[in-house]
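See below for query.pdb, which holds PDB, C-alpha atoms, pLDDT in the B column.
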ATOM      1  CA  MET H   1       0.000   0.000   0.000  1.00 61.00           C
ATOM      2  CA  ASN H   2       1.261   3.419  -0.891  1.00 80.00           C
ATOM      3  CA  TRP H   3       0.917   5.577   2.268  1.00 80.00           C
ATOM      4  CA  ARG H   4       1.359   8.756   0.345  1.00 82.00           C
ATOM      5  CA  ARG H   5      -1.635   8.079  -1.923  1.00 80.00           C
ATOM      6  CA  ALA H   6      -3.730   6.994   1.036  1.00 78.00           C
ATOM      7  CA  SER H   7      -2.867  10.220   2.903  1.00 81.00           C
ATOM      8  CA  ILE H   8      -3.803  12.375  -0.116  1.00 82.00           C
ATOM      9  CA  ALA H   9      -7.100  10.512  -0.587  1.00 79.00           C
ATOM     10  CA  GLY H  10      -7.894  10.872   3.107  1.00 79.00           C
ATOM     11  CA  ALA H  11      -7.074  14.595   3.045  1.00 83.00           C
ATOM     12  CA  ALA H  12      -9.269  15.078  -0.036  1.00 82.00           C
ATOM     13  CA  ALA H  13     -12.178  13.210   1.584  1.00 80.00           C
ATOM     14  CA  LEU H  14     -12.093  15.172   4.866  1.00 79.00           C
ATOM     15  CA  PRO H  15     -13.702  18.391   3.505  1.00 79.00           C
ATOM     16  CA  ILE H  16     -16.487  16.376   1.863  1.00 81.00           C
ATOM     17  CA  ILE H  17     -17.156  14.457   5.074  1.00 78.00           C
ATOM     18  CA  ALA H  18     -17.112  17.718   7.068  1.00 75.00           C
ATOM     19  CA  LEU H  19     -19.578  19.324   4.641  1.00 74.00           C
ATOM     20  CA  LEU H  20     -21.936  16.339   4.852  1.00 74.00           C
ATOM     21  CA  ALA H  21     -21.698  16.329   8.650  1.00 74.00           C
ATOM     22  CA  TYR H  22     -22.529  20.045   8.743  1.00 75.00           C
ATOM     23  CA  GLY H  23     -25.514  19.458   6.430  1.00 69.00           C
ATOM     24  CA  THR H  24     -27.024  16.920   8.823  1.00 73.00           C
ATOM     25  CA  THR H  25     -27.202  19.602  11.540  1.00 71.00           C
ATOM     26  CA  ARG H  26     -29.322  21.959   9.386  1.00 65.00           C
ATOM     27  CA  ASP H  27     -33.117  21.934   9.075  1.00 60.00           C
ATOM     28  CA  PRO H  28     -33.886  21.503   5.350  1.00 59.00           C
ATOM     29  CA  LYS H  29     -37.201  23.346   5.770  1.00 55.00           C
ATOM     30  CA  ALA H  30     -35.615  26.405   7.408  1.00 54.00           C
ATOM     31  CA  ILE H  31     -34.964  29.116   4.860  1.00 55.00           C
ATOM     32  CA  ALA H  32     -33.582  32.285   6.357  1.00 58.00           C
ATOM     33  CA  SER H  33     -35.335  35.484   5.343  1.00 62.00           C
ATOM     34  CA  PRO H  34     -33.796  38.946   5.598  1.00 62.00           C
ATOM     35  CA  LEU H  35     -37.236  40.602   5.984  1.00 70.00           C
ATOM     36  CA  PRO H  36     -38.278  39.978   9.614  1.00 77.00           C
ATOM     37  CA  GLY H  37     -37.529  43.167  11.544  1.00 75.00           C
ATOM     38  CA  ARG H  38     -37.411  45.287   8.406  1.00 89.00           C
ATOM     39  CA  THR H  39     -40.022  47.525   6.813  1.00 94.00           C
ATOM     40  CA  ALA H  40     -42.406  45.520   4.655  1.00 96.00           C
ATOM     41  CA  PRO H  41     -42.087  46.414   0.972  1.00 96.00           C
ATOM     42  CA  ASP H  42     -45.060  48.466  -0.237  1.00 96.00           C
ATOM     43  CA  PHE H  43     -47.052  47.293  -3.226  1.00 96.00           C
ATOM     44  CA  ALA H  44     -49.971  48.350  -5.413  1.00 96.00           C
ATOM     45  CA  LEU H  45     -51.912  45.302  -6.608  1.00 96.00           C
ATOM     46  CA  SER H  46     -55.291  44.830  -8.238  1.00 94.00           C
ATOM     47  CA  VAL H  47     -58.101  42.938  -6.504  1.00 93.00           C
ATOM     48  CA  ILE H  48     -59.089  39.797  -8.420  1.00 92.00           C
ATOM     49  CA  ALA H  49     -61.479  38.307  -5.872  1.00 86.00           C
ATOM     50  CA  GLN H  50     -63.438  40.198  -3.283  1.00 80.00           C
ATOM     51  CA  GLY H  51     -63.737  39.067   0.280  1.00 73.00           C
ATOM     52  CA  GLU H  52     -66.851  38.789   2.356  1.00 67.00           C
ATOM     53  CA  ALA H  53     -67.953  40.899   5.338  1.00 53.00           C
ATOM     54  CA  ALA H  54     -66.045  44.065   6.251  1.00 46.00           C
ATOM     55  CA  GLN H  55     -62.971  43.218   4.161  1.00 52.00           C
ATOM     56  CA  GLN H  56     -64.914  43.280   0.908  1.00 58.00           C
ATOM     57  CA  ARG H  57     -63.239  45.072  -1.972  1.00 66.00           C
ATOM     58  CA  VAL H  58     -64.454  45.597  -5.504  1.00 70.00           C
ATOM     59  CA  GLU H  59     -62.634  43.623  -8.183  1.00 74.00           C
ATOM     60  CA  GLY H  60     -60.215  45.887 -10.009  1.00 76.00           C
ATOM     61  CA  ASP H  61     -59.600  48.147  -6.982  1.00 85.00           C
ATOM     62  CA  THR H  62     -55.948  48.765  -6.220  1.00 93.00           C
ATOM     63  CA  ILE H  63     -54.726  47.876  -2.770  1.00 93.00           C
ATOM     64  CA  THR H  64     -51.496  49.268  -1.356  1.00 96.00           C
ATOM     65  CA  LEU H  65     -49.843  48.196   1.869  1.00 96.00           C
ATOM     66  CA  SER H  66     -49.424  51.823   2.901  1.00 95.00           C
ATOM     67  CA  GLN H  67     -53.244  52.161   3.073  1.00 94.00           C
ATOM     68  CA  PHE H  68     -53.146  49.978   6.187  1.00 95.00           C
ATOM     69  CA  ALA H  69     -50.434  51.744   8.180  1.00 94.00           C
ATOM     70  CA  GLY H  70     -50.987  51.217  11.904  1.00 93.00           C
ATOM     71  CA  GLN H  71     -52.824  47.923  11.387  1.00 95.00           C
ATOM     72  CA  VAL H  72     -51.635  44.336  11.455  1.00 97.00           C
ATOM     73  CA  VAL H  73     -51.533  42.865   7.940  1.00 97.00           C
ATOM     74  CA  VAL H  74     -51.326  39.218   6.907  1.00 98.00           C
ATOM     75  CA  LEU H  75     -50.114  38.552   3.356  1.00 97.00           C
ATOM     76  CA  ASN H  76     -50.586  35.002   2.128  1.00 98.00           C
ATOM     77  CA  PHE H  77     -48.957  34.104  -1.193  1.00 98.00           C
ATOM     78  CA  TRP H  78     -50.856  31.270  -2.896  1.00 98.00           C
ATOM     79  CA  ALA H  79     -51.736  29.736  -6.282  1.00 98.00           C
ATOM     80  CA  SER H  80     -54.545  27.607  -7.671  1.00 97.00           C
ATOM     81  CA  TRP H  81     -52.045  24.880  -8.638  1.00 97.00           C
ATOM     82  CA  CYS H  82     -50.651  24.694  -5.083  1.00 97.00           C
ATOM     83  CA  LEU H  83     -51.879  21.604  -3.216  1.00 96.00           C
ATOM     84  CA  ALA H  84     -50.622  22.817   0.180  1.00 96.00           C
ATOM     85  CA  CYS H  85     -52.643  26.019  -0.296  1.00 97.00           C
ATOM     86  CA  ARG H  86     -55.796  23.909  -0.033  1.00 97.00           C
ATOM     87  CA  ASP H  87     -54.708  22.760   3.430  1.00 96.00           C
ATOM     88  CA  GLU H  88     -54.520  26.287   4.828  1.00 97.00           C
ATOM     89  CA  HIS H  89     -57.403  27.971   3.018  1.00 97.00           C
ATOM     90  CA  ARG H  90     -60.150  27.339   5.596  1.00 96.00           C
ATOM     91  CA  ALA H  91     -57.909  28.371   8.521  1.00 97.00           C
ATOM     92  CA  LEU H  92     -56.980  31.645   6.802  1.00 97.00           C
ATOM     93  CA  SER H  93     -60.577  32.447   5.951  1.00 95.00           C
ATOM     94  CA  ASP H  94     -61.923  31.580   9.411  1.00 96.00           C
ATOM     95  CA  VAL H  95     -59.262  33.542  11.293  1.00 97.00           C
ATOM     96  CA  ALA H  96     -59.564  36.530   8.926  1.00 95.00           C
ATOM     97  CA  GLU H  97     -63.293  36.616   9.647  1.00 93.00           C
ATOM     98  CA  ALA H  98     -62.703  36.362  13.405  1.00 95.00           C
ATOM     99  CA  TYR H  99     -60.167  39.242  13.412  1.00 95.00           C
ATOM    100  CA  VAL H 100     -61.874  41.597  10.947  1.00 89.00           C
ATOM    101  CA  ASP H 101     -62.996  44.004  13.717  1.00 90.00           C
ATOM    102  CA  ARG H 102     -59.679  43.900  15.598  1.00 93.00           C
ATOM    103  CA  GLY H 103     -57.482  45.964  13.269  1.00 89.00           C
ATOM    104  CA  VAL H 104     -56.161  43.037  11.211  1.00 96.00           C
ATOM    105  CA  LYS H 105     -56.277  42.926   7.406  1.00 95.00           C
ATOM    106  CA  PHE H 106     -55.750  39.744   5.408  1.00 96.00           C
ATOM    107  CA  PHE H 107     -54.830  39.644   1.730  1.00 96.00           C
ATOM    108  CA  GLY H 108     -54.172  36.708  -0.541  1.00 97.00           C
ATOM    109  CA  VAL H 109     -51.537  37.374  -3.196  1.00 98.00           C
ATOM    110  CA  LEU H 110     -51.979  35.210  -6.301  1.00 97.00           C
ATOM    111  CA  TYR H 111     -48.547  34.044  -7.397  1.00 97.00           C
ATOM    112  CA  ASP H 112     -47.559  32.829 -10.871  1.00 95.00           C
ATOM    113  CA  ASP H 113     -51.139  32.079 -11.862  1.00 97.00           C
ATOM    114  CA  ALA H 114     -53.944  33.472 -14.027  1.00 96.00           C
ATOM    115  CA  PRO H 115     -56.579  35.556 -12.221  1.00 96.00           C
ATOM    116  CA  GLN H 116     -59.432  33.478 -13.701  1.00 96.00           C
ATOM    117  CA  ASN H 117     -57.841  30.314 -12.260  1.00 96.00           C
ATOM    118  CA  GLY H 118     -57.538  32.024  -8.879  1.00 96.00           C
ATOM    119  CA  ARG H 119     -61.184  33.131  -8.897  1.00 94.00           C
ATOM    120  CA  ARG H 120     -62.355  29.632  -9.908  1.00 95.00           C
ATOM    121  CA  TRP H 121     -60.222  28.044  -7.155  1.00 96.00           C
ATOM    122  CA  ILE H 122     -61.634  30.388  -4.497  1.00 95.00           C
ATOM    123  CA  GLU H 123     -65.146  29.524  -5.641  1.00 94.00           C
ATOM    124  CA  GLU H 124     -64.365  25.775  -5.527  1.00 95.00           C
ATOM    125  CA  MET H 125     -62.980  26.214  -2.009  1.00 95.00           C
ATOM    126  CA  GLY H 126     -66.234  27.813  -0.812  1.00 93.00           C
ATOM    127  CA  GLY H 127     -65.119  31.447  -0.990  1.00 92.00           C
ATOM    128  CA  GLN H 128     -62.991  33.381   1.458  1.00 92.00           C
ATOM    129  CA  SER H 129     -63.486  36.207   3.903  1.00 92.00           C
ATOM    130  CA  TYR H 130     -60.651  38.413   2.628  1.00 93.00           C
ATOM    131  CA  PRO H 131     -59.705  39.830  -0.787  1.00 94.00           C
ATOM    132  CA  SER H 132     -57.093  38.373  -3.100  1.00 95.00           C
ATOM    133  CA  VAL H 133     -54.875  40.458  -5.339  1.00 96.00           C
ATOM    134  CA  ASP H 134     -52.885  39.634  -8.457  1.00 96.00           C
ATOM    135  CA  ASP H 135     -49.098  39.948  -8.670  1.00 96.00           C
ATOM    136  CA  PRO H 136     -48.855  39.706 -12.484  1.00 94.00           C
ATOM    137  CA  ARG H 137     -45.133  40.377 -12.883  1.00 93.00           C
ATOM    138  CA  LYS H 138     -44.186  38.651  -9.602  1.00 95.00           C
ATOM    139  CA  ARG H 139     -42.582  41.919  -8.479  1.00 95.00           C
ATOM    140  CA  THR H 140     -44.149  41.773  -5.012  1.00 96.00           C
ATOM    141  CA  ALA H 141     -43.106  38.134  -4.626  1.00 96.00           C
ATOM    142  CA  ILE H 142     -39.532  39.110  -5.476  1.00 94.00           C
ATOM    143  CA  ASP H 143     -39.607  42.057  -3.063  1.00 95.00           C
ATOM    144  CA  TYR H 144     -40.751  39.719  -0.284  1.00 95.00           C
ATOM    145  CA  GLY H 145     -38.127  37.088  -1.138  1.00 92.00           C
ATOM    146  CA  LEU H 146     -40.691  34.400  -1.924  1.00 93.00           C
ATOM    147  CA  TYR H 147     -39.288  30.878  -2.256  1.00 89.00           C
ATOM    148  CA  GLY H 148     -42.576  29.202  -3.169  1.00 91.00           C
ATOM    149  CA  VAL H 149     -46.188  28.932  -2.140  1.00 96.00           C
ATOM    150  CA  PRO H 150     -47.732  28.973   0.320  1.00 97.00           C
ATOM    151  CA  GLU H 151     -45.833  31.571   2.306  1.00 97.00           C
ATOM    152  CA  THR H 152     -47.389  33.939   4.813  1.00 97.00           C
ATOM    153  CA  PHE H 153     -46.017  37.257   6.075  1.00 97.00           C
ATOM    154  CA  PHE H 154     -47.191  38.909   9.299  1.00 97.00           C
ATOM    155  CA  ILE H 155     -46.695  42.678   9.273  1.00 97.00           C
ATOM    156  CA  GLY H 156     -46.945  44.551  12.571  1.00 96.00           C
ATOM    157  CA  LYS H 157     -48.631  47.879  13.278  1.00 95.00           C
ATOM    158  CA  ASP H 158     -45.209  49.513  12.891  1.00 94.00           C
ATOM    159  CA  GLY H 159     -44.988  48.386   9.249  1.00 95.00           C
ATOM    160  CA  ARG H 160     -42.248  45.842   9.872  1.00 95.00           C
ATOM    161  CA  VAL H 161     -42.337  42.200   8.862  1.00 96.00           C
ATOM    162  CA  ALA H 162     -42.705  40.452  12.192  1.00 95.00           C
ATOM    163  CA  TYR H 163     -42.712  36.859  10.973  1.00 95.00           C
ATOM    164  CA  LYS H 164     -42.514  34.808   7.786  1.00 94.00           C
ATOM    165  CA  HIS H 165     -44.070  31.345   7.669  1.00 95.00           C
ATOM    166  CA  ILE H 166     -43.171  28.894   4.923  1.00 93.00           C
ATOM    167  CA  GLY H 167     -45.765  26.230   4.160  1.00 95.00           C
ATOM    168  CA  PRO H 168     -49.409  25.957   5.156  1.00 97.00           C
ATOM    169  CA  VAL H 169     -50.461  27.942   8.233  1.00 97.00           C
ATOM    170  CA  THR H 170     -52.827  26.601  10.871  1.00 97.00           C
ATOM    171  CA  ASP H 171     -55.493  28.462  12.769  1.00 96.00           C
ATOM    172  CA  ALA H 172     -53.481  28.009  15.991  1.00 97.00           C
ATOM    173  CA  LEU H 173     -50.384  29.625  14.450  1.00 97.00           C
ATOM    174  CA  LEU H 174     -52.426  32.485  12.995  1.00 98.00           C
ATOM    175  CA  VAL H 175     -54.146  33.209  16.311  1.00 97.00           C
ATOM    176  CA  PHE H 176     -50.863  33.023  18.255  1.00 97.00           C
ATOM    177  CA  LYS H 177     -49.018  35.386  15.906  1.00 97.00           C
ATOM    178  CA  LEU H 178     -51.924  37.836  15.590  1.00 97.00           C
ATOM    179  CA  ASP H 179     -52.550  38.010  19.338  1.00 97.00           C
ATOM    180  CA  SER H 180     -48.826  38.673  19.867  1.00 95.00           C
ATOM    181  CA  LEU H 181     -48.797  41.459  17.292  1.00 96.00           C
ATOM    182  CA  LEU H 182     -51.979  43.054  18.593  1.00 95.00           C
ATOM    183  CA  ALA H 183     -50.663  42.998  22.167  1.00 93.00           C
ATOM    184  CA  ALA H 184     -47.277  44.483  21.230  1.00 84.00           C
ATOM    185  CA  PRO H 185     -46.744  48.071  22.380  1.00 79.00           C
ATOM    186  CA  PRO H 186     -46.367  50.640  19.616  1.00 66.00           C
ATOM    187  CA  SER H 187     -42.812  50.918  18.310  1.00 62.00           C
ATOM    188  CA  LYS H 188     -40.961  54.092  19.309  1.00 56.00           C
ATOM    189  CA  THR H 189     -38.341  53.750  16.619  1.00 52.00           C
ATOM    190  CA  PRO H 190     -39.095  54.206  12.939  1.00 49.00           C
ATOM    191  CA  ALA H 191     -39.101  51.082  10.803  1.00 51.00           C
ATOM    192  CA  SER H 192     -35.758  50.383   9.157  1.00 48.00           C
ATOM    193  CA  PRO H 193     -35.611  50.050   5.347  1.00 50.00           C
TER     194      PRO H 193
END

As C-alpha cells - that is how I would like this structure written.
Amino acid sequence: MNWRRASIAGAAALPIIALLAYGTTRDPKAIASPLPGRTAPDFALSVIAQGEAAQQRVEGDTITLSQFAGQVVVLNFWASWCLACRDEHRALSDVAEAYVDRGVKFFGVLYDDAPQNGRRWIEEMGGQSYPSVDDPRKRTAIDYGLYGVPETFFIGKDGRVAYKHIGPVTDALLVFKLDSLLAAPPSKTPASP
C-alpha cells in the first residue's frame, strides 16, 4: 500500500465528510429570510377576488400596503395549482373573519397564476373572507423574497415584517401570531428600510 496516496485521498475526503456532517445539523425546511424586523415592501396590486364581510373590496380596486399603516396585515402568497394552499385555506378564511374588527387585514396574493384560475379556485374552495390580489409580474413576490407557495407574512402595526411562515399555516399559528402582534406596544423607533 502506498501511504502517500492513502494520505492524499484521506485529506481530499475530509472536507467532503465535514460538509456532509454540517448538512445533517441543518433543518432543510428552514430558509432564512432577511425581511423579519425590516419595513415591509409596499405594493400596489389589483383585486381579483373580493372578500366577504367588512374586508370586501371591488374587483379591479388597487390595494397598497401603505393604506393599512398602523394595522396588522397578513399577506398570504398562494396559487390555484398549489396543493398545500388547499390545506390552509379554511384556517386563513376563518381567522380573517374572526379578526376583521380587531385591526387586522388579510390579503391573498396570487402568485404565478392566471386571475381566472384564482377566482375559480376560491369559488371551488367555498369562498374566502378576505380579498385576493394579483401579482402579475411577480414583483411583489420578489420584493418579499418568496421561495414558493404557500408563504405567509405577518406585518406589525409599525410596518415591519414580524414573521414569515413557509408552508401551510394553521389556525393556531395564525391566532398566536396575531394576538402577539396586537398585544405588542407601539414601536418608538421608525421602521428600518

Query - Contacts of Arg102 in chain H within 12 Å, all atoms listed in the file, excl. fewer than 3 positions in-chain, as a VMD selection string - result: chain H and resid 54 to 55 70 to 73 95 to 99 105 to 106 157 178 to 179 181 to 183

Report task. Give as a VMD selection string the residues that the PyMOL selection byres ((chain H and resi 132) around 12) matches when applied to the coordinates above. Result -> chain H and resid 45 to 52 55 to 63 74 to 80 92 to 93 105 to 111 115 to 116 118 to 119 121 to 122 127 to 131 133 to 135

Export of the given selection (C-alpha atoms) as a short mmCIF file (atom, residue, chain, number, x, y, z; two decimals), in the coordinates of the input:
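This is the output file part09.cif:
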data_model
loop_
_atom_site.label_atom_id
_atom_site.label_comp_id
_atom_site.auth_asym_id
_atom_site.auth_seq_id
_atom_site.Cartn_x
_atom_site.Cartn_y
_atom_site.Cartn_z
CA LEU H 45 -51.91 45.30 -6.61
CA SER H 46 -55.29 44.83 -8.24
CA VAL H 47 -58.10 42.94 -6.50
CA ILE H 48 -59.09 39.80 -8.42
CA ALA H 49 -61.48 38.31 -5.87
CA GLN H 50 -63.44 40.20 -3.28
CA GLY H 51 -63.74 39.07 0.28
CA GLU H 52 -66.85 38.79 2.36
CA GLN H 55 -62.97 43.22 4.16
CA GLN H 56 -64.91 43.28 0.91
CA ARG H 57 -63.24 45.07 -1.97
CA VAL H 58 -64.45 45.60 -5.50
CA GLU H 59 -62.63 43.62 -8.18
CA GLY H 60 -60.22 45.89 -10.01
CA ASP H 61 -59.60 48.15 -6.98
CA THR H 62 -55.95 48.76 -6.22
CA ILE H 63 -54.73 47.88 -2.77
CA VAL H 74 -51.33 39.22 6.91
CA LEU H 75 -50.11 38.55 3.36
CA ASN H 76 -50.59 35.00 2.13
CA PHE H 77 -48.96 34.10 -1.19
CA TRP H 78 -50.86 31.27 -2.90
CA ALA H 79 -51.74 29.74 -6.28
CA SER H 80 -54.54 27.61 -7.67
CA LEU H 92 -56.98 31.64 6.80
CA SER H 93 -60.58 32.45 5.95
CA LYS H 105 -56.28 42.93 7.41
CA PHE H 106 -55.75 39.74 5.41
CA PHE H 107 -54.83 39.64 1.73
CA GLY H 108 -54.17 36.71 -0.54
CA VAL H 109 -51.54 37.37 -3.20
CA LEU H 110 -51.98 35.21 -6.30
CA TYR H 111 -48.55 34.04 -7.40
CA PRO H 115 -56.58 35.56 -12.22
CA GLN H 116 -59.43 33.48 -13.70
CA GLY H 118 -57.54 32.02 -8.88
CA ARG H 119 -61.18 33.13 -8.90
CA TRP H 121 -60.22 28.04 -7.16
CA ILE H 122 -61.63 30.39 -4.50
CA GLY H 127 -65.12 31.45 -0.99
CA GLN H 128 -62.99 33.38 1.46
CA SER H 129 -63.49 36.21 3.90
CA TYR H 130 -60.65 38.41 2.63
CA PRO H 131 -59.70 39.83 -0.79
CA VAL H 133 -54.88 40.46 -5.34
CA ASP H 134 -52.88 39.63 -8.46
CA ASP H 135 -49.10 39.95 -8.67
#

Requested in this report: Could you tell me how far CA of Asp42 in chain H lies from CA of Thr140 in chain H, in Å and to one decimal?
Outcome: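 Atom-to-atom, CA of Asp42 in chain H and CA of Thr140 in chain H are spaced 8.3 Å apart.
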
Report task. Select, counting all atoms listed in the file, all protein, DNA and RNA residues no farther than 10 Å from (-38.9, 41.8, -2.6) in file coordinates, and express the selection as a ChimeraX atom specification. Result -> /H:35,40-43,138-146

**Report entry** Residue with smallest distance to Val169 in chain H - pool H:Ile8, H:Ala69, H:Ala91, H:Ile155, counting only C-alpha atoms
**Finding:**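 That would be H:Ala91, the residue with the smallest distance to Val169 in chain H.
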
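Put simply, CA of Ile16 in chain H is 29.5 Å away from CA of Gly148 in chain H.
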
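Here CA of Asp113 in chain H stands at a distance of 20.8 Å from CA of His165 in chain H.
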